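A.B. asks: Quick one: the structure is below, questions incoming.
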Amino acid sequence: MTSEWLTPPTRTELIENLVSGVDRYNPSNVGILEDYLYHQIRSEEYDCLANLAILKLYQFNPDLYNPDVVINILIKALTAAPLPDFNLCISLLDERSINAQLDEPDPLPTVLPILKGLHNLLFRCRFPAFWEIYQSSQLENLRDNYTVEVAGFENAIRAVAIRAVRATFTRISSERLGSYLNLSESELPTYIQKLGWTVDSSTGVVTIPPNPDNQIEATVVQESVKLPRACCVPCKYETC
Amino acid sequence: MAQQRLALWNAEEDLEEDVDLTMALENYTQEMHYDDSQISQPQIDESTFIAMQQHMAQQAAFQQIPDVVKSFIVHFHQAVLDNNLAEITVAYESGWNKYTEKFYSKTEWPEAELIAPLVNDDPIFLILYRELYYRHVYSRLQPNIDDRFHSYENSCELFNYLLNSDGPVQLELPEQWLWDIIDEFIYQYQVFCTWRSKVTSKTPDELMMLAEGGPVWSSYSVLNVLYSLMQKSKINEYIVAAREGKSPEEIAEIVGEYGQRPLYRMLGYFSIIGLLRVHVHLGDFTLALKVMENVELNQKSPFTRVTACHVATYYYVGFCYLMLRRYPDAIRTFVTILNFIMRMRQYHTRSYQYDQINKTADRMYALFAICSALSPSRFDDNIANIAKERYGEQFAKMSRGGTFHLCLPQIYHRQPPPYEDPAAISALLEASNDPDSPSQPSPQTDSTRRHLDVFLADVSAQLQVPTLRSFLKLYTSLGAKKLANFLDADEEELVQEMMVLKQASRSISRVPGSEGTSLLEGQMITTSDLNFVIDENMVHIAESTVGRRYAGWFIKNTERTQKILDDLKHMPLPVSSKPNGGASAAAPPTETVTQNRQTRKVAWGGVKAA
């Protein structure tokens, strides 16, 4: 489960050496990791540990700090909900005051609360609210400057919703699913088909195939007495 | 009359005015000149004079040192020279603390320069002595900026000696001390970061010193020391080789000349734990667990030989799990070590670190309470009871939800933020590099608050979970609309909340059989007894229950009966009935015992068959 998160199959050997070795502290490697981040953004890949390594370098070397990179890392981390990736990134950020070295004003202080809000909505499974806010005019800046560059961002968010739905439902109405995925009636069927789910054309109810999380069974947990331990009881005193 | 008497004072002044002051002064200067020429020789060599004065002052100070302390230092030095571990341990663990209590509970120990003559100016011993000296300053007194800088320099000298001598050094130190060296090094780094972040309370001089301090207590230099110790001792290679069951010769081959020496091996080991702590301090919880990759968390690991290290390891690992939202793992970690502390209580009350261990344990009970409120599960009863005893009120509030965020900070703050100011380093450096604007408050000072906010945001997302759970417990199936009515909530909102509940009852956790893999490995598991699924608008609920446990009761009572039987058998037979000689008297009891044994075995066989 976590091994893919620890070492994504898409991670190259070069990055692996950086992430796992002492070289991760070398400021001159920040470029390689940043390039890797932009590669992730273009090709729908995700490597949390490599991105944390960038934030680590920023933490130690404030002169390397690049707000755009930070924002992109956070956007990628959003799509990992409900895993704690977003919080792990936040923990490595310092609330820096205005960075005078930058030519342009630092966009992070304004974007960060927005991203935190979006993360909160995702973590609380408020998917319709997420889409509403995400598409609001206040967030135009975020969409036009950042998420538009992130290939498959909306689909990655849909995947978050899918994970939650798959664990919770056996059947769900198309209407509800559509509001979680922000898909119209016409778009939804193809999307459902891709997932391998089935939809009843007359009622519009989507059936979610059984998986370990949406199968429930009442069980009684019986204690299991391990024999060697029970055997020890008489032995303990015989040796005395 | 009174006025008259006051006038007397004025009169005196008048008298003085009569004297020709200039004359008198001239006389004085003349005299001075004269004197000068007479004793010009010693006056020219002022430095010698000062040195002499200093020497005398030092001698006076030296004489101030109680004789027992002097002989203690001489003795201590000899033990270090002889690499006599037993003697060093006694001097380190008991002697030093004894004299600290007796003579230096409120003042510094004598400066290293002062006691240098006692130890033939042995530079190594003086470094070790300073290590103890500064540790005492940090723990008992208020270290000033000089202390902070010098303790750093001394640590560097020590590590330099260990790492950059020609080949491994021949020094031997007790494991406890080696751990304390690493532990203290990181502790001083942390307090330095905290202290540095309080820019406003500093004098311009201090800010200047900070600005010029350069790498003093920088994160890079601290990491450098820890990584160097790990690499020099090849500790990771050693652990892997030992786990693979390689022979001592093969291991010696692998770890090289440094890693073979216990001093380096243990320092390497403790450096891993040190790194864990530094990374937690810096807010990097994944990396913290990643450096522990090769260390096995079990009671047989070498780090368990030093109790303080054992406790710290579990504390930080548990904390990482908490921040990674892996509550079952965090609970397991805390329970293991809290049980250990409880069992060891009778032994470590004698340890000088008893207080420290107790404080850490107390924090872990608080963290345990947080984890079990977030992820209720069947946990260890002993620990749960103690946690409830200490944090009962907060625990009840948290379990009920609602006021979670109100009581949480109280508990959370009990644990000292292991990351006082994670990223502050940068801004601190900026602030200190810029002494013109020292009044600008650093935004980093309150980073604990920030971490707390992150954690609280997580927790508040789960506020409704306990309430929902308690409602679901009452039903096997229930319409979403009805449930929404109960909770006075909108149906759509409720359905979304149910997804949160589902999320909250799943967690990544280490699973049995994953021993020997990274601490970050794990699989998704169910953490709750209560399971549910939504079929369109109908909620179906299933609960797993635990059957009654009989085995424990039977085992306990079997043991007790067995004990009674044994006691009966060991009771002396009535002597009066056997007046014969000793030799024949000895035989019959043995016979009865064997007979008894046989009958007992039959009895056990019967139980099994039934």
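Residue numbering restarts at 1 in every chain; chains get A, B, ... in the order shown in the structure tokens, and ligands count up from 1 in that same order.
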Only residues of chain A matter here; which ones have an atom within 7 Å of chain B, counting only C-alpha atoms? Give them as a ChimeraX atom specification.
C.D. replies: /A:1-3,59-62,84,87,91-97,124-126,164,168-173,214,216-223,225,233
A.B. asks: Using DSSP secondary structure from the backbone, list all alpha helix (DSSP H) positions within stretch 199-366 of chain B, as a ChimeraX atom specification.
C.D. replies: /B:204-213,219-233,235-243,248-259,262-281,285-291,307-323,327-348,354-366
A.B. asks: Write out as a ChimeraX atom specification the residues lying within 9 Å of stretch 353-361 of chain B, counting only C-alpha atoms and excluding same-chain residues fewer than 5 positions away.
C.D. replies: /B:307-308,311-312,315,334,337-338,341,345,348,366,415
A.B. asks: To one decimal in Å, tell me the separation between atom CA of A:Tyr180 and atom CA of A:Gln135.
C.D. replies: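 Value for the atom CA of A:Tyr180-atom CA of A:Gln135 distance: 13.7 Å.
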A.B. asks: At what distance in Å, to one decimal, does atom CA of B:Thr48 lie from atom CA of B:Tyr129?
C.D. replies: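 According to the coordinates, atom CA of B:Tyr129 and atom CA of B:Thr48 are separated by 28.6 Å.
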A.B. asks: Considering only C-alpha atoms, return as an MDAnalysis selection string whatever protein or nucleic-acid residues lie within 8 Å of A:Phe86, sequence-local ones (same chain, fewer than 4 positions apart) excluded.
C.D. replies: chainID A and resid 74 77:78 80:81 90 119
A.B. asks: I'd like the contact shell of A:Val205 - 10 Å cut-off, only C-alpha atoms, skipping same-chain residues fewer than 3 positions apart - returned as a list in words.
C.D. replies: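 The contact residues come out as Arg171, Ile172, Ser173, Ser174, Glu175, Arg176, Leu177, Thr198, Val199, Asp200, Ser201, Ser202 and Ile208 of chain A; Glu536 of chain B.
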A.B. asks: With only C-alpha atoms as the basis for distance, which of A:Asn72, A:Asn155, A:Ser137, A:Asn66 is at the shortest distance from A:Leu115?
C.D. replies: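 The closest residue to A:Leu115 is A:Asn72.
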A.B. asks: Could you state the separation of atom CA of B:His55 and atom CA of B:Val69 in Å, given to one decimal place?
C.D. replies: 20.4 Å
A.B. asks: Taking only C-alpha atoms into account, name the residue in B:Lys473, B:Thr89, B:His136, B:Ser71 that is nearest to B:Ile115.
C.D. replies: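 Of B:Lys473, B:Thr89, B:His136, B:Ser71, the one nearest B:Ile115 is B:Ser71, counting only C-alpha atoms.
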A.B. asks: Would you please extract all strand (DSSP E or B) residues from stretch 3-205 of chain A, as assigned by DSSP on the backbone, and give them as number ranges by chain?
C.D. replies: A: 169-173, 198-199, 205
A.B. asks: Given the selection you just returned, output its residues as a file containing N, CA and C atoms, formatted as a compact mmCIF listing (two decimals), in the first residue's frame.
C.D. replies:
```
# COMPACT_ATOMS: atom_id res chain seq x y z
N PHE A 169 -20.15 3.41 -0.66
CA PHE A 169 -21.42 3.07 -1.30
C PHE A 169 -21.39 1.69 -1.96
N THR A 170 -22.56 1.06 -2.01
CA THR A 170 -22.73 -0.06 -2.93
C THR A 170 -23.49 0.42 -4.16
N ARG A 171 -24.44 1.34 -3.91
CA ARG A 171 -25.15 1.96 -5.04
C ARG A 171 -25.31 3.44 -4.75
N ILE A 172 -25.26 4.22 -5.80
CA ILE A 172 -25.37 5.67 -5.62
C ILE A 172 -26.10 6.25 -6.81
N SER A 173 -26.90 7.27 -6.59
CA SER A 173 -27.65 7.85 -7.70
C SER A 173 -26.70 8.66 -8.60
N THR A 198 -21.33 0.03 -13.26
CA THR A 198 -22.47 -0.10 -14.16
C THR A 198 -23.57 0.86 -13.74
N VAL A 199 -24.32 1.31 -14.72
CA VAL A 199 -25.42 2.22 -14.42
C VAL A 199 -26.72 1.65 -14.98
N VAL A 205 -29.32 4.63 -11.38
CA VAL A 205 -28.56 4.29 -10.18
C VAL A 205 -27.26 3.56 -10.58
```
A.B. asks: Need the shell around A:Asp47: protein/DNA/RNA residues with any atom at most 10 Å away, counting only C-alpha atoms. Skip same-chain ones fewer than 5 positions apart. Format as a ChimeraX atom specification?
C.D. replies: /A:4-11,36-37,40,52,73,76-77
A.B. asks: Using only C-alpha atoms, which protein or nucleic acid residues come within 9 Å of A:Leu118? Drop anything in the same chain fewer than 3 positions from it, and give the result as a JSON list (two decimals) with all heavy atoms, in the first residue's frame.
C.D. replies:
```json
[["chain", "number", "residue", "atom", "x", "y", "z"],
["A", 78, "LEU", "N", -2.63, 18.12, -2.92],
["A", 78, "LEU", "CA", -4.09, 18.12, -2.75],
["A", 78, "LEU", "C", -4.71, 16.85, -3.30],
["A", 78, "LEU", "O", -5.64, 16.29, -2.72],
["A", 78, "LEU", "CB", -4.69, 19.30, -3.54],
["A", 78, "LEU", "CG", -4.88, 20.64, -2.90],
["A", 78, "LEU", "CD1", -5.59, 21.56, -3.87],
["A", 78, "LEU", "CD2", -5.68, 20.51, -1.62],
["A", 113, "PRO", "N", -3.83, 30.28, 1.97],
["A", 113, "PRO", "CA", -5.12, 30.06, 2.65],
["A", 113, "PRO", "C", -6.16, 29.43, 1.72],
["A", 113, "PRO", "O", -6.96, 28.60, 2.17],
["A", 113, "PRO", "CB", -5.56, 31.47, 3.06],
["A", 113, "PRO", "CG", -4.34, 32.31, 3.00],
["A", 113, "PRO", "CD", -3.44, 31.70, 1.99],
["A", 114, "ILE", "N", -6.13, 29.79, 0.44],
["A", 114, "ILE", "CA", -7.07, 29.21, -0.52],
["A", 114, "ILE", "C", -6.84, 27.71, -0.63],
["A", 114, "ILE", "O", -7.79, 26.91, -0.55],
["A", 114, "ILE", "CB", -6.91, 29.88, -1.90],
["A", 114, "ILE", "CG1", -7.26, 31.36, -1.80],
["A", 114, "ILE", "CG2", -7.75, 29.17, -2.95],
["A", 114, "ILE", "CD1", -6.97, 32.14, -3.06],
["A", 115, "LEU", "N", -5.57, 27.35, -0.77],
["A", 115, "LEU", "CA", -5.26, 25.93, -0.90],
["A", 115, "LEU", "C", -5.64, 25.16, 0.37],
["A", 115, "LEU", "O", -6.15, 24.04, 0.30],
["A", 115, "LEU", "CB", -3.77, 25.74, -1.20],
["A", 115, "LEU", "CG", -3.33, 26.17, -2.60],
["A", 115, "LEU", "CD1", -1.83, 26.06, -2.75],
["A", 115, "LEU", "CD2", -4.01, 25.31, -3.67],
["A", 121, "LEU", "N", -11.86, 21.05, 2.41],
["A", 121, "LEU", "CA", -13.09, 20.55, 1.79],
["A", 121, "LEU", "C", -12.91, 19.13, 1.29],
["A", 121, "LEU", "O", -13.80, 18.28, 1.45],
["A", 121, "LEU", "CB", -13.51, 21.47, 0.64],
["A", 121, "LEU", "CG", -14.03, 22.85, 1.06],
["A", 121, "LEU", "CD1", -14.23, 23.73, -0.15],
["A", 121, "LEU", "CD2", -15.33, 22.70, 1.85],
["A", 122, "LEU", "N", -11.77, 18.87, 0.70],
["A", 122, "LEU", "CA", -11.52, 17.51, 0.20],
["A", 122, "LEU", "C", -11.45, 16.52, 1.35],
["A", 122, "LEU", "O", -11.99, 15.42, 1.29],
["A", 122, "LEU", "CB", -10.22, 17.47, -0.60],
["A", 122, "LEU", "CG", -10.25, 18.01, -2.02],
["A", 122, "LEU", "CD1", -8.89, 17.84, -2.66],
["A", 122, "LEU", "CD2", -11.30, 17.29, -2.84],
["A", 123, "PHE", "N", -10.74, 16.93, 2.39],
["A", 123, "PHE", "CA", -10.55, 16.02, 3.52],
["A", 123, "PHE", "C", -11.88, 15.75, 4.20],
["A", 123, "PHE", "O", -12.10, 14.67, 4.73],
["A", 123, "PHE", "CB", -9.54, 16.63, 4.49],
["A", 123, "PHE", "CG", -9.15, 15.71, 5.61],
["A", 123, "PHE", "CD1", -8.58, 14.48, 5.33],
["A", 123, "PHE", "CD2", -9.36, 16.06, 6.93],
["A", 123, "PHE", "CE1", -8.23, 13.61, 6.35],
["A", 123, "PHE", "CE2", -9.00, 15.20, 7.95],
["A", 123, "PHE", "CZ", -8.43, 13.97, 7.66],
["A", 130, "PHE", "N", -16.40, 21.79, -2.89],
["A", 130, "PHE", "CA", -15.06, 21.97, -3.47],
["A", 130, "PHE", "C", -15.17, 22.51, -4.89],
["A", 130, "PHE", "O", -14.53, 23.49, -5.26],
["A", 130, "PHE", "CB", -14.30, 20.65, -3.47],
["A", 130, "PHE", "CG", -12.98, 20.72, -4.18],
["A", 130, "PHE", "CD1", -11.83, 21.08, -3.50],
["A", 130, "PHE", "CD2", -12.88, 20.47, -5.55],
["A", 130, "PHE", "CE1", -10.61, 21.17, -4.15],
["A", 130, "PHE", "CE2", -11.67, 20.55, -6.21],
["A", 130, "PHE", "CZ", -10.54, 20.91, -5.51],
["A", 133, "ILE", "N", -16.40, 26.15, -5.10],
["A", 133, "ILE", "CA", -15.39, 27.15, -4.76],
["A", 133, "ILE", "C", -14.27, 27.17, -5.80],
["A", 133, "ILE", "O", -13.79, 28.22, -6.21],
["A", 133, "ILE", "CB", -14.82, 26.87, -3.35],
["A", 133, "ILE", "CG1", -15.95, 27.06, -2.36],
["A", 133, "ILE", "CG2", -13.62, 27.76, -3.05],
["A", 133, "ILE", "CD1", -15.56, 27.23, -0.95],
["A", 134, "TYR", "N", -13.91, 25.99, -6.23],
["A", 134, "TYR", "CA", -12.81, 25.90, -7.19],
["A", 134, "TYR", "C", -13.16, 26.66, -8.47],
["A", 134, "TYR", "O", -12.30, 27.26, -9.10],
["A", 134, "TYR", "CB", -12.50, 24.43, -7.49],
["A", 134, "TYR", "CG", -11.46, 24.24, -8.56],
["A", 134, "TYR", "CD1", -10.15, 24.61, -8.32],
["A", 134, "TYR", "CD2", -11.80, 23.70, -9.80],
["A", 134, "TYR", "CE1", -9.18, 24.45, -9.30],
["A", 134, "TYR", "CE2", -10.84, 23.53, -10.78],
["A", 134, "TYR", "CZ", -9.53, 23.92, -10.54],
["A", 134, "TYR", "OH", -8.58, 23.76, -11.51]]
```
